[in-house]
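Novice: Take this structure first; my questions come after.
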Amino acid sequence: MEVISLQSGSNGNSFYVKVAGKQFLFDAGISGALAEKRLAHHNRNIREIDGLFISHSHRDHSKSMGIFHRKFGHPVFVTEKTLLGARRDNKLGVINDLHLFHCGETIDFGDVQIHTIPTPHDADDSVAFVIEHHERRLGILTDIGHAFDGLREVLRLLDAVIIESNYDPEMLRKSRYPIWLKRRVSGDGGHLSNDDSAIALKTSGADNLQWACLCHLSAENNCPELAVETHRRLLGNDLPIHVASRYDVGAVLTIDYNQPSTGPWQLEQRPTGKTL
Ligand SMILES: [Zn+2]
Ligand SMILES: [Zn+2]
């Protein structure tokens, strides 16, 4: 399985995954031209994508889904509420190849499964994704609100993870953001801090993780060095930690199938996206 971050942050998100001969994009928050160019950098053709999945309606994830569909022929996988929300905030235009899914549903592509995990972010039907092939799993967990019930169990079953590490609490506290925005970011429907992400990884028993890639870093309230340092402090130096850039395409990250597998996808507790 191969993964490339095309960009991640409040200025736009998109991730590429290739597995078992199939290619997917997760989120369309950057322009079509930029996505095409960044995939071409790694010799990938954006017209060969088998499915575009949208995590939630916020513009930095959804704004170009209509363009990706019309320009590159992508089938679009989205929930009804996310589509409605995205239409409200963007000029999406006509989408002819729509595949509506429900939060929590698994979508099958032969021997590849895409699990959708409901998250408590402040957009209706917000989901995270787990991409599975032969009991190998990548999580794309961004804009997840807080460390909700079930998050650690999901982390424990992953071989690699792209996880939100949005802000440093001290930088956010001192920042120029108005108080309402500070509350929104750090609130239950906002974003994970560096510490939230590191603690969730540390306490989940995710012993099979081959690497973690920190994503959706704030430009104002975080910096890559600090995000990595916070994770290193809790997790030690053994786990490779990457950072998804706000400004550029990342390297090709891979899951090594020779490493031990985490076993079947069996969640004791079905994530609801809520903390009771
Ligand atoms: Zn976002
Ligand atoms: Zn969001």
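Ligands are numbered from 1 in the order shown, residues from 1 within each chain, and chains are lettered A, B, ... in the order they appear in the structure tokens.
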Hey, which residues sit close to ligand 1? Say within 9 Å, counting only C-alpha atoms and all ligand atoms, and write them as a list of chain:residue names.
Specialist: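 My answer, listing the contacting residues, is A:Ser8, A:Gly9, A:Ser10, A:Asn11, A:Gly12, A:Asn13, A:Gly29, A:His56, A:His58, A:Arg59, A:Asp60, A:His61, A:Thr142, A:Asp143, A:His191, A:His216.
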Novice: Do a neighbour search on Thr203 of chain A at 10 Å with only C-alpha atoms, toss out local chain neighbours closer than 2 positions, and write the hits as a list of chain:residue names.
Specialist: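 What passes the distance filter is A:Arg152, A:Glu153, A:Leu155, A:Arg156, A:Ala198, A:Ile199, A:Ala200, A:Leu201, A:Gly205, A:Ala206, A:Leu234, A:Leu235.
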Novice: Under the rule that only C-alpha atoms are counted, which of A:Ala219, A:Glu48, A:Arg233, A:Leu83 is the nearest residue to Ser175 of chain A?
Specialist: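 Distance minimum relative to Ser175 of chain A lands on A:Ala219.
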Novice: Which neighbours of Ser14 of chain A fall inside 10 Å, counting only C-alpha atoms, when residues of the same chain fewer than 4 positions from it are skipped, and could you give them as a list of chain:residue names?
Specialist: A:Ile4, A:Ser5, A:Leu6, A:Gln7, A:Ser8, A:Gly9, A:Leu25, A:Phe26, A:Asp27, A:Ala28, A:Gly29, A:Ile30, A:Ser31, A:Ala35, A:Leu52, A:Phe53, A:Ile54, A:Asp60, A:His61, A:Ser62, A:Val249
Novice: Quick one, how far is atom CA of Met171 of chain A from atom CA of Trp211 of chain A?
Specialist: 26.1 Å
Novice: With only C-alpha atoms as the counted atoms, please give the residues lying no more than 9 Å from Val228 of chain A, apart from itself and same-chain residues fewer than 3 positions off, as a list of chain:residue names.
Specialist: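 Non-adjacent residues within range: A:Asn194, A:Leu214, A:Cys223, A:Pro224, A:Glu225, A:His231, A:Arg232, A:Arg233, A:Ile241, A:His242, A:Val243.
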